[in-house]
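Shown here: start00.pdb, PDB, C-alpha atoms, pLDDT in the B column.
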```pdb
ATOM      1  CA  MET A   1      -8.590 -45.947 -65.320  1.00 34.00           C
ATOM      2  CA  LEU A   2      -6.663 -49.093 -64.408  1.00 42.00           C
ATOM      3  CA  THR A   3      -8.414 -51.496 -62.099  1.00 48.00           C
ATOM      4  CA  ALA A   4      -7.735 -54.881 -60.613  1.00 49.00           C
ATOM      5  CA  GLY A   5     -11.239 -56.006 -61.620  1.00 60.00           C
ATOM      6  CA  THR A   6     -13.935 -57.299 -59.291  1.00 62.00           C
ATOM      7  CA  PRO A   7     -13.608 -61.021 -58.545  1.00 62.00           C
ATOM      8  CA  ARG A   8     -16.578 -63.247 -57.799  1.00 64.00           C
ATOM      9  CA  VAL A   9     -16.009 -65.293 -54.639  1.00 65.00           C
ATOM     10  CA  THR A  10     -18.355 -67.461 -52.599  1.00 63.00           C
ATOM     11  CA  PRO A  11     -16.988 -66.981 -49.056  1.00 65.00           C
ATOM     12  CA  GLN A  12     -18.163 -70.246 -47.550  1.00 64.00           C
ATOM     13  CA  SER A  13     -16.624 -72.402 -50.289  1.00 71.00           C
ATOM     14  CA  ASP A  14     -14.027 -70.396 -52.260  1.00 86.00           C
ATOM     15  CA  TRP A  15     -12.331 -67.954 -49.906  1.00 93.00           C
ATOM     16  CA  THR A  16      -9.115 -68.636 -48.000  1.00 95.00           C
ATOM     17  CA  LEU A  17      -6.529 -66.435 -46.299  1.00 97.00           C
ATOM     18  CA  THR A  18      -2.878 -67.484 -46.100  1.00 98.00           C
ATOM     19  CA  ILE A  19      -0.270 -66.030 -43.729  1.00 98.00           C
ATOM     20  CA  ASP A  20       3.255 -66.848 -44.923  1.00 98.00           C
ATOM     21  CA  GLY A  21       6.773 -65.550 -45.498  1.00 97.00           C
ATOM     22  CA  LEU A  22       8.944 -64.774 -42.477  1.00 98.00           C
ATOM     23  CA  VAL A  23       6.759 -66.546 -39.935  1.00 98.00           C
ATOM     24  CA  ASP A  24       7.400 -69.601 -37.754  1.00 98.00           C
ATOM     25  CA  ALA A  25       4.167 -71.379 -38.624  1.00 98.00           C
ATOM     26  CA  PRO A  26       2.543 -70.420 -41.947  1.00 98.00           C
ATOM     27  CA  PHE A  27      -1.132 -71.295 -42.180  1.00 98.00           C
ATOM     28  CA  THR A  28      -4.236 -70.987 -44.342  1.00 98.00           C
ATOM     29  CA  LEU A  29      -7.732 -70.321 -43.017  1.00 97.00           C
ATOM     30  CA  ASP A  30     -11.010 -71.005 -44.754  1.00 96.00           C
ATOM     31  CA  TRP A  31     -14.095 -68.860 -44.117  1.00 95.00           C
ATOM     32  CA  ALA A  32     -15.255 -70.861 -41.078  1.00 95.00           C
ATOM     33  CA  ALA A  33     -11.792 -70.983 -39.484  1.00 97.00           C
ATOM     34  CA  PHE A  34     -11.337 -67.240 -39.992  1.00 97.00           C
ATOM     35  CA  HIS A  35     -14.655 -66.542 -38.260  1.00 96.00           C
ATOM     36  CA  ALA A  36     -13.683 -68.819 -35.373  1.00 97.00           C
ATOM     37  CA  LEU A  37     -10.892 -66.334 -34.507  1.00 97.00           C
ATOM     38  CA  PRO A  38     -11.597 -63.504 -32.039  1.00 96.00           C
ATOM     39  CA  GLN A  39     -13.658 -60.885 -33.883  1.00 95.00           C
ATOM     40  CA  GLN A  40     -13.656 -57.178 -33.063  1.00 93.00           C
ATOM     41  CA  GLU A  41     -15.462 -54.008 -34.038  1.00 94.00           C
ATOM     42  CA  PHE A  42     -13.236 -51.159 -35.231  1.00 91.00           C
ATOM     43  CA  THR A  43     -14.311 -47.514 -35.574  1.00 84.00           C
ATOM     44  CA  VAL A  44     -11.832 -45.600 -37.723  1.00 78.00           C
ATOM     45  CA  ASP A  45     -11.477 -42.699 -40.148  1.00 72.00           C
ATOM     46  CA  ILE A  46     -10.491 -43.559 -43.719  1.00 72.00           C
ATOM     47  CA  HIS A  47      -8.865 -41.320 -46.342  1.00 71.00           C
ATOM     48  CA  CYS A  48      -8.940 -41.792 -50.097  1.00 75.00           C
ATOM     49  CA  VAL A  49      -6.226 -40.641 -52.485  1.00 73.00           C
ATOM     50  CA  THR A  50      -8.945 -38.793 -54.423  1.00 75.00           C
ATOM     51  CA  ARG A  51      -9.204 -36.358 -51.476  1.00 73.00           C
ATOM     52  CA  TRP A  52     -12.230 -37.560 -49.558  1.00 73.00           C
ATOM     53  CA  SER A  53     -12.321 -38.748 -45.974  1.00 77.00           C
ATOM     54  CA  LYS A  54     -15.003 -40.744 -44.207  1.00 81.00           C
ATOM     55  CA  LEU A  55     -15.066 -40.368 -40.430  1.00 85.00           C
ATOM     56  CA  ASP A  56     -16.035 -42.870 -37.732  1.00 87.00           C
ATOM     57  CA  THR A  57     -16.549 -45.796 -40.108  1.00 86.00           C
ATOM     58  CA  VAL A  58     -17.482 -49.043 -38.341  1.00 90.00           C
ATOM     59  CA  TRP A  59     -15.900 -52.336 -39.411  1.00 93.00           C
ATOM     60  CA  HIS A  60     -15.969 -55.876 -38.080  1.00 96.00           C
ATOM     61  CA  GLY A  61     -13.113 -58.327 -38.448  1.00 96.00           C
ATOM     62  CA  VAL A  62      -9.884 -59.758 -37.067  1.00 98.00           C
ATOM     63  CA  SER A  63      -6.864 -57.742 -35.958  1.00 97.00           C
ATOM     64  CA  LEU A  64      -3.615 -58.524 -37.764  1.00 97.00           C
ATOM     65  CA  ASP A  65      -2.091 -58.903 -34.296  1.00 97.00           C
ATOM     66  CA  THR A  66      -4.266 -61.999 -33.792  1.00 97.00           C
ATOM     67  CA  LEU A  67      -3.107 -63.510 -37.091  1.00 98.00           C
ATOM     68  CA  PHE A  68       0.556 -62.671 -36.522  1.00 98.00           C
ATOM     69  CA  GLU A  69       0.512 -64.033 -32.978  1.00 97.00           C
ATOM     70  CA  ARG A  70      -0.662 -67.373 -34.330  1.00 97.00           C
ATOM     71  CA  ALA A  71       1.926 -67.349 -37.147  1.00 98.00           C
ATOM     72  CA  GLY A  72       4.890 -66.205 -35.045  1.00 98.00           C
ATOM     73  CA  VAL A  73       6.582 -63.253 -36.778  1.00 97.00           C
ATOM     74  CA  GLN A  74      10.315 -63.763 -37.320  1.00 97.00           C
ATOM     75  CA  PRO A  75      12.777 -61.029 -36.241  1.00 96.00           C
ATOM     76  CA  ASP A  76      13.857 -60.153 -39.808  1.00 97.00           C
ATOM     77  CA  ALA A  77      10.294 -59.342 -40.908  1.00 97.00           C
ATOM     78  CA  ALA A  78      10.007 -55.612 -41.621  1.00 97.00           C
ATOM     79  CA  TYR A  79       7.382 -55.431 -44.376  1.00 97.00           C
ATOM     80  CA  LEU A  80       4.015 -56.885 -45.254  1.00 97.00           C
ATOM     81  CA  ILE A  81       2.847 -57.614 -48.782  1.00 97.00           C
ATOM     82  CA  ALA A  82      -0.937 -57.945 -48.987  1.00 97.00           C
ATOM     83  CA  HIS A  83      -2.028 -60.037 -51.974  1.00 96.00           C
ATOM     84  CA  ALA A  84      -5.497 -60.128 -53.488  1.00 93.00           C
ATOM     85  CA  ASP A  85      -7.281 -61.988 -56.236  1.00 87.00           C
ATOM     86  CA  GLY A  86      -5.766 -61.218 -59.624  1.00 80.00           C
ATOM     87  CA  GLU A  87      -2.492 -59.310 -59.777  1.00 80.00           C
ATOM     88  CA  TYR A  88      -3.319 -56.803 -57.043  1.00 88.00           C
ATOM     89  CA  SER A  89      -1.040 -56.276 -54.049  1.00 94.00           C
ATOM     90  CA  ALA A  90       0.006 -53.519 -51.637  1.00 94.00           C
ATOM     91  CA  ASN A  91       3.212 -53.079 -49.655  1.00 95.00           C
ATOM     92  CA  LEU A  92       3.269 -51.871 -46.056  1.00 95.00           C
ATOM     93  CA  LYS A  93       5.786 -51.376 -43.282  1.00 96.00           C
ATOM     94  CA  LEU A  94       5.183 -53.932 -40.549  1.00 96.00           C
ATOM     95  CA  HIS A  95       5.108 -51.269 -37.815  1.00 94.00           C
ATOM     96  CA  ASP A  96       2.083 -49.665 -39.559  1.00 95.00           C
ATOM     97  CA  VAL A  97      -0.062 -52.792 -39.223  1.00 96.00           C
ATOM     98  CA  ILE A  98       0.714 -54.091 -35.719  1.00 96.00           C
ATOM     99  CA  GLY A  99      -0.450 -52.780 -32.345  1.00 94.00           C
ATOM    100  CA  GLU A 100      -4.168 -52.818 -33.315  1.00 92.00           C
ATOM    101  CA  ARG A 101      -3.440 -50.550 -36.315  1.00 93.00           C
ATOM    102  CA  ALA A 102      -4.816 -52.852 -39.025  1.00 95.00           C
ATOM    103  CA  PHE A 103      -7.341 -55.632 -39.448  1.00 95.00           C
ATOM    104  CA  VAL A 104      -8.985 -57.961 -41.947  1.00 97.00           C
ATOM    105  CA  ALA A 105     -12.596 -56.832 -42.272  1.00 96.00           C
ATOM    106  CA  THR A 106     -15.586 -58.864 -43.440  1.00 95.00           C
ATOM    107  CA  ARG A 107     -18.322 -56.385 -42.449  1.00 95.00           C
ATOM    108  CA  PHE A 108     -18.822 -52.642 -42.857  1.00 93.00           C
ATOM    109  CA  GLY A 109     -21.599 -50.675 -41.169  1.00 92.00           C
ATOM    110  CA  GLY A 110     -23.090 -53.897 -39.823  1.00 91.00           C
ATOM    111  CA  LYS A 111     -23.387 -55.566 -43.239  1.00 95.00           C
ATOM    112  CA  PRO A 112     -21.176 -58.040 -45.133  1.00 94.00           C
ATOM    113  CA  LEU A 113     -18.677 -56.349 -47.446  1.00 92.00           C
ATOM    114  CA  THR A 114     -19.894 -56.220 -51.023  1.00 89.00           C
ATOM    115  CA  GLU A 115     -17.627 -57.416 -53.829  1.00 88.00           C
ATOM    116  CA  GLU A 116     -17.361 -53.833 -55.092  1.00 86.00           C
ATOM    117  CA  HIS A 117     -15.945 -52.732 -51.730  1.00 87.00           C
ATOM    118  CA  GLY A 118     -13.494 -55.605 -51.378  1.00 88.00           C
ATOM    119  CA  GLY A 119     -15.688 -58.424 -50.109  1.00 90.00           C
ATOM    120  CA  PRO A 120     -15.722 -60.980 -48.889  1.00 94.00           C
ATOM    121  CA  ALA A 121     -12.668 -59.738 -46.928  1.00 95.00           C
ATOM    122  CA  ARG A 122     -10.329 -56.787 -47.197  1.00 94.00           C
ATOM    123  CA  LEU A 123      -7.396 -55.376 -45.307  1.00 96.00           C
ATOM    124  CA  VAL A 124      -8.059 -52.062 -43.521  1.00 94.00           C
ATOM    125  CA  VAL A 125      -5.099 -49.847 -42.584  1.00 93.00           C
ATOM    126  CA  PRO A 126      -6.701 -46.561 -41.489  1.00 89.00           C
ATOM    127  CA  ARG A 127      -3.468 -44.665 -40.847  1.00 88.00           C
ATOM    128  CA  LEU A 128      -2.584 -44.770 -44.579  1.00 83.00           C
ATOM    129  CA  TYR A 129      -4.387 -43.859 -47.785  1.00 78.00           C
ATOM    130  CA  PHE A 130      -7.128 -46.348 -48.546  1.00 83.00           C
ATOM    131  CA  TRP A 131      -5.427 -47.905 -51.590  1.00 85.00           C
ATOM    132  CA  LYS A 132      -3.146 -49.602 -49.028  1.00 89.00           C
ATOM    133  CA  SER A 133      -6.248 -51.357 -47.616  1.00 88.00           C
ATOM    134  CA  THR A 134      -6.195 -54.223 -50.087  1.00 93.00           C
ATOM    135  CA  LYS A 135      -9.553 -55.374 -51.438  1.00 92.00           C
ATOM    136  CA  TRP A 136     -10.321 -59.085 -52.056  1.00 93.00           C
ATOM    137  CA  LEU A 137      -7.571 -60.135 -49.661  1.00 95.00           C
ATOM    138  CA  ARG A 138      -6.136 -63.661 -50.032  1.00 96.00           C
ATOM    139  CA  ARG A 139      -2.610 -63.660 -48.604  1.00 97.00           C
ATOM    140  CA  LEU A 140      -0.406 -61.722 -46.172  1.00 98.00           C
ATOM    141  CA  THR A 141       3.317 -62.287 -46.709  1.00 98.00           C
ATOM    142  CA  LEU A 142       5.880 -61.014 -44.224  1.00 97.00           C
ATOM    143  CA  SER A 143       9.232 -60.061 -45.740  1.00 96.00           C
ATOM    144  CA  GLU A 144      12.514 -58.386 -44.947  1.00 96.00           C
ATOM    145  CA  TRP A 145      12.217 -56.555 -48.294  1.00 94.00           C
ATOM    146  CA  ASP A 146       9.889 -53.791 -49.431  1.00 93.00           C
ATOM    147  CA  ILE A 147       8.258 -55.136 -52.606  1.00 91.00           C
ATOM    148  CA  LYS A 148       6.175 -52.494 -54.393  1.00 91.00           C
ATOM    149  CA  GLY A 149       2.506 -53.259 -54.889  1.00 85.00           C
ATOM    150  CA  PHE A 150       0.115 -52.735 -57.799  1.00 88.00           C
ATOM    151  CA  TRP A 151      -0.439 -48.966 -57.468  1.00 80.00           C
ATOM    152  CA  GLU A 152       3.075 -48.239 -56.218  1.00 87.00           C
ATOM    153  CA  ARG A 153       4.519 -49.746 -59.418  1.00 87.00           C
ATOM    154  CA  LEU A 154       2.215 -47.430 -61.387  1.00 86.00           C
ATOM    155  CA  GLY A 155       3.467 -44.240 -59.701  1.00 87.00           C
ATOM    156  CA  TYR A 156       1.597 -43.956 -56.420  1.00 86.00           C
ATOM    157  CA  HIS A 157       3.677 -42.997 -53.403  1.00 88.00           C
ATOM    158  CA  ASN A 158       5.411 -45.939 -51.760  1.00 87.00           C
ATOM    159  CA  TYR A 159       4.188 -45.046 -48.254  1.00 82.00           C
ATOM    160  CA  GLY A 160       0.875 -43.150 -48.618  1.00 76.00           C
ATOM    161  CA  ASP A 161       0.565 -41.011 -45.476  1.00 79.00           C
ATOM    162  CA  PRO A 162      -2.645 -38.927 -45.773  1.00 73.00           C
ATOM    163  CA  TRP A 163      -1.360 -36.345 -43.262  1.00 77.00           C
ATOM    164  CA  LYS A 164       1.547 -35.621 -45.617  1.00 81.00           C
ATOM    165  CA  GLU A 165      -0.691 -36.073 -48.680  1.00 79.00           C
ATOM    166  CA  GLN A 166       1.701 -38.648 -50.105  1.00 83.00           C
ATOM    167  CA  ARG A 167      -0.313 -39.517 -53.180  1.00 77.00           C
ATOM    168  CA  TYR A 168       2.250 -39.915 -55.928  1.00 80.00           C
ATOM    169  CA  ARG A 169       5.992 -40.511 -56.115  1.00 76.00           C
ATOM    170  CA  GLY A 170       8.104 -37.391 -55.676  1.00 68.00           C
ATOM    171  CA  LEU A 171       5.342 -35.242 -54.160  1.00 53.00           C
ATOM    172  CA  ASP A 172       6.227 -35.502 -50.491  1.00 46.00           C
ATOM    173  CA  ASP A 173       8.684 -32.654 -49.865  1.00 42.00           C
ATOM    174  CA  GLN A 174       8.860 -31.565 -46.248  1.00 42.00           C
ATOM    175  CA  ALA A 175       8.235 -27.868 -46.955  1.00 38.00           C
ATOM    176  CA  ALA A 176       4.716 -28.586 -48.189  1.00 42.00           C
ATOM    177  CA  SER A 177       3.933 -31.357 -45.686  1.00 44.00           C
ATOM    178  CA  THR A 178       2.846 -29.063 -42.861  1.00 43.00           C
ATOM    179  CA  THR A 179       0.454 -27.105 -45.055  1.00 47.00           C
ATOM    180  CA  ARG A 180      -1.043 -30.285 -46.523  1.00 51.00           C
ATOM    181  CA  SER A 181      -1.398 -31.849 -43.081  1.00 52.00           C
ATOM    182  CA  GLU A 182      -3.198 -28.753 -41.837  1.00 58.00           C
ATOM    183  CA  GLY A 183      -5.508 -28.970 -44.866  1.00 58.00           C
ATOM    184  CA  LEU A 184      -6.466 -32.562 -44.048  1.00 60.00           C
ATOM    185  CA  ALA A 185      -6.980 -31.685 -40.378  1.00 61.00           C
ATOM    186  CA  ARG A 186      -9.224 -28.781 -41.414  1.00 62.00           C
ATOM    187  CA  ARG A 187     -11.301 -31.039 -43.724  1.00 62.00           C
ATOM    188  CA  ILE A 188     -11.767 -33.558 -40.908  1.00 62.00           C
ATOM    189  CA  ARG A 189     -12.702 -30.831 -38.401  1.00 64.00           C
ATOM    190  CA  ASP A 190     -15.215 -29.348 -40.890  1.00 64.00           C
ATOM    191  CA  GLU A 191     -16.752 -32.771 -41.525  1.00 64.00           C
ATOM    192  CA  ARG A 192     -17.132 -33.443 -37.780  1.00 62.00           C
ATOM    193  CA  MET A 193     -18.773 -30.047 -37.283  1.00 64.00           C
ATOM    194  CA  ARG A 194     -21.141 -30.670 -40.220  1.00 66.00           C
ATOM    195  CA  ARG A 195     -22.225 -33.972 -38.644  1.00 63.00           C
ATOM    196  CA  GLU A 196     -22.965 -32.478 -35.220  1.00 64.00           C
TER     197      GLU A 196
END
```

Let's see the structure in the file written out as structure tokens.
Amino acid sequence: MLTAGTPRVTPQSDWTLTIDGLVDAPFTLDWAAFHALPQQEFTVDIHCVTRWSKLDTVWHGVSLDTLFERAGVQPDAAYLIAHADGEYSANLKLHDVIGERAFVATRFGGKPLTEEHGGPARLVVPRLYFWKSTKWLRRLTLSEWDIKGFWERLGYHNYGDPWKEQRYRGLDDQAASTTRSEGLARRIRDERMRRE
């Protein structure tokens, strides 16, 4: 299985996050500056391309809205490219990550993110398959162009909607979408009932 590898980062001294591209005021934050921003708790469901879902997961971090407000998004920006350590990246439509729909997380379930799970900081975009939630996040670049990311170049679907089960390129025909969406809804309903 291909992997981006697990980087070793010391948050307080090594980690930075850059916001650049089609913004009025690009900037870079170190660990302390990032934690000085307004922090929030987010409770969301996440869905993996390998067909598991985890409901009501609790994260702590900074909304992308907060970062983009500071940077000043330019009118031509339509896409976001999330870059991580190594060669890993993911492409997203801008409308999928604004309006409190995505955030940079540093904690999960009340604990700091482990390196294995994307720590010290990862992007979380709960409305899309979890491969779009870039681990080991280092840079967010706004663009007018859709630039395919690591997994998308290797055959994963360019969008990754779990309700349409858009896992791989060419497997998103509309005729099957309703059935697949009902299957995901049924799995989520069953999981909620099991937990009650």

Item to check | Residues matched by the PyMOL selection byres ((chain A and resi 108) around 7), written as a ChimeraX atom specification | outcome: /A:58-60,107,109-113

Save the residues we just selected, C-alpha atoms, as a CSV table (one decimal), in the coordinates of the input?
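So again33.csv came out as:
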```csv
chain,number,residue,atom,x,y,z
A,58,VAL,CA,-17.5,-49.0,-38.3
A,59,TRP,CA,-15.9,-52.3,-39.4
A,60,HIS,CA,-16.0,-55.9,-38.1
A,107,ARG,CA,-18.3,-56.4,-42.4
A,109,GLY,CA,-21.6,-50.7,-41.2
A,110,GLY,CA,-23.1,-53.9,-39.8
A,111,LYS,CA,-23.4,-55.6,-43.2
A,112,PRO,CA,-21.2,-58.0,-45.1
A,113,LEU,CA,-18.7,-56.3,-47.4
```

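The spacing separating CA of Leu80 in chain A from CA of Ala36 in chain A amounts to 23.5 Å.
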
Next on the checklist: Measuring between all atoms listed in the file, which one of A:Pro75, A:Gly119, A:Pro126, A:Pro26 shows the shortest distance to Glu144 in chain A?
Outcome noted: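 When distances to Glu144 in chain A are compared using all atoms listed in the file, the smallest one comes from A:Pro75.
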
Checklist entry - Written as a list in words, which residues does the PyMOL selection byres ((chain A and resi 152) around 12) give for the file shown? => result Ile81, Tyr88, Ser89, Ala90, Asn91, Leu92, Trp131, Lys132, Asp146, Ile147, Lys148, Gly149, Phe150, Trp151, Arg153, Leu154, Gly155, Tyr156, His157, Asn158, Tyr159, Gly160, Gln166, Arg167, Tyr168, Arg169 and Gly170 of chain A

Checklist entry - Looking at all atoms listed in the file, which of A:Val23, A:Ile98, A:Leu17, A:Leu128 is the one that sits closest to Gln74 in chain A? => result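 Among the listed residues, A:Val23 lies closest to Gln74 in chain A.
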
Checklist entry - Which is closest to Asp14 in chain A among A:Leu142, A:Leu94, A:Ala121, A:Ala78, if we use all atoms listed in the file? => result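 Of all the options, A:Ala121 lies closest to Asp14 in chain A.
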
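Here CA of Asp85 in chain A stands at a distance of 10.7 Å from CA of Thr16 in chain A.
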
Item to check | Chain and number of each residue from the PyMOL selection byres ((chain A and resi 69) around 12), as a PyMOL selection string | outcome: chain A and resi 19+23-27+37+62-68+70-74+98-99

Checklist entry - Of the candidates A:Trp145, A:Phe103, A:Asp161, A:Trp136, which one gets nearest to Pro38 in chain A if we count only C-alpha atoms? => result A:Phe103

Checklist entry - With only C-alpha atoms as the atoms that count, which of A:Leu123, A:Ala77, A:Val104, A:Leu137 lies nearest to His35 in chain A? => result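 Nearest to His35 in chain A: A:Val104.
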
Draw an axis-aligned box tight on the listed atoms of range 65-82 of chain A, then pad every side by 8 Å and write out centre and edge lengths in Å to one decimal as JSON.
```
{"center_x": 4.8, "center_y": -61.4, "center_z": -41.0, "size_x": 34.1, "size_y": 27.9, "size_z": 32.0}
```

Checklist entry - Any idea what's packed within 6 Å of Ala102 in chain A, counting all atoms listed in the file, ignoring anything in its chain fewer than 4 positions away? Could you give it as a list in words? => result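 The neighbour list is Leu64, Val97, Val124 and Val125 of chain A.
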
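Among A:Arg139, A:Arg122, A:Arg127, A:His95, the residue with the shortest atom-to-atom distance to Ser53 in chain A, counting all atoms listed in the file, is A:Arg127.
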
Next on the checklist: At a cut-off of 7 Å around the point (-14.9, -54.5, -33.5) (file coordinates), what residues fall inside when counting only C-alpha atoms? I'd like the answer as a list in words.
Outcome noted: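 Nearby residues: Gln39, Gln40, Glu41, Phe42, Trp59, His60 and Gly61 of chain A.
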
Item to check | Gap from CA of Gly118 in chain A to CA of Trp163 in chain A - Å, one decimal | outcome: 24.2 Å

File contents for range 23-42 of chain A with N, CA and C atoms as a short mmCIF file (atom, residue, chain, number, x, y, z; two decimals), in the first residue's frame:
```cif
data_model
loop_
_atom_site.label_atom_id
_atom_site.label_comp_id
_atom_site.auth_asym_id
_atom_site.auth_seq_id
_atom_site.Cartn_x
_atom_site.Cartn_y
_atom_site.Cartn_z
N VAL A 23 -4.76 35.03 -1.85
CA VAL A 23 -5.17 35.74 -0.64
C VAL A 23 -4.52 37.12 -0.64
N ASP A 24 -5.13 38.06 0.07
CA ASP A 24 -4.59 39.42 0.14
C ASP A 24 -3.36 39.52 1.02
N ALA A 25 -3.31 38.73 2.07
CA ALA A 25 -2.22 38.83 3.04
C ALA A 25 -1.76 37.45 3.46
N PRO A 26 -0.87 36.80 2.67
CA PRO A 26 -0.37 35.49 3.07
C PRO A 26 0.35 35.58 4.41
N PHE A 27 0.31 34.50 5.16
CA PHE A 27 1.00 34.51 6.46
C PHE A 27 1.39 33.09 6.86
N THR A 28 2.30 33.02 7.81
CA THR A 28 2.75 31.75 8.39
C THR A 28 2.65 31.85 9.90
N LEU A 29 2.08 30.81 10.50
CA LEU A 29 1.92 30.75 11.96
C LEU A 29 2.82 29.67 12.52
N ASP A 30 3.45 29.94 13.65
CA ASP A 30 4.12 28.86 14.38
C ASP A 30 3.11 28.28 15.36
N TRP A 31 3.54 27.30 16.15
CA TRP A 31 2.64 26.59 17.06
C TRP A 31 1.96 27.54 18.04
N ALA A 32 2.73 28.46 18.63
CA ALA A 32 2.17 29.38 19.62
C ALA A 32 1.18 30.34 18.97
N ALA A 33 1.51 30.86 17.81
CA ALA A 33 0.62 31.80 17.11
C ALA A 33 -0.68 31.11 16.68
N PHE A 34 -0.57 29.85 16.24
CA PHE A 34 -1.77 29.11 15.87
C PHE A 34 -2.69 28.94 17.08
N HIS A 35 -2.12 28.62 18.23
CA HIS A 35 -2.93 28.41 19.43
C HIS A 35 -3.43 29.70 20.05
N ALA A 36 -2.92 30.84 19.60
CA ALA A 36 -3.44 32.13 20.05
C ALA A 36 -4.72 32.50 19.29
N LEU A 37 -5.01 31.82 18.19
CA LEU A 37 -6.24 32.06 17.43
C LEU A 37 -7.43 31.47 18.20
N PRO A 38 -8.64 31.95 17.88
CA PRO A 38 -9.83 31.38 18.54
C PRO A 38 -9.95 29.87 18.27
N GLN A 39 -10.01 29.10 19.34
CA GLN A 39 -10.11 27.64 19.25
C GLN A 39 -11.57 27.23 19.46
N GLN A 40 -11.94 26.13 18.82
CA GLN A 40 -13.30 25.62 18.94
C GLN A 40 -13.29 24.12 19.12
N GLU A 41 -14.40 23.59 19.63
CA GLU A 41 -14.61 22.15 19.66
C GLU A 41 -15.61 21.82 18.57
N PHE A 42 -15.32 20.76 17.81
CA PHE A 42 -16.17 20.34 16.70
C PHE A 42 -16.57 18.89 16.93
#
```
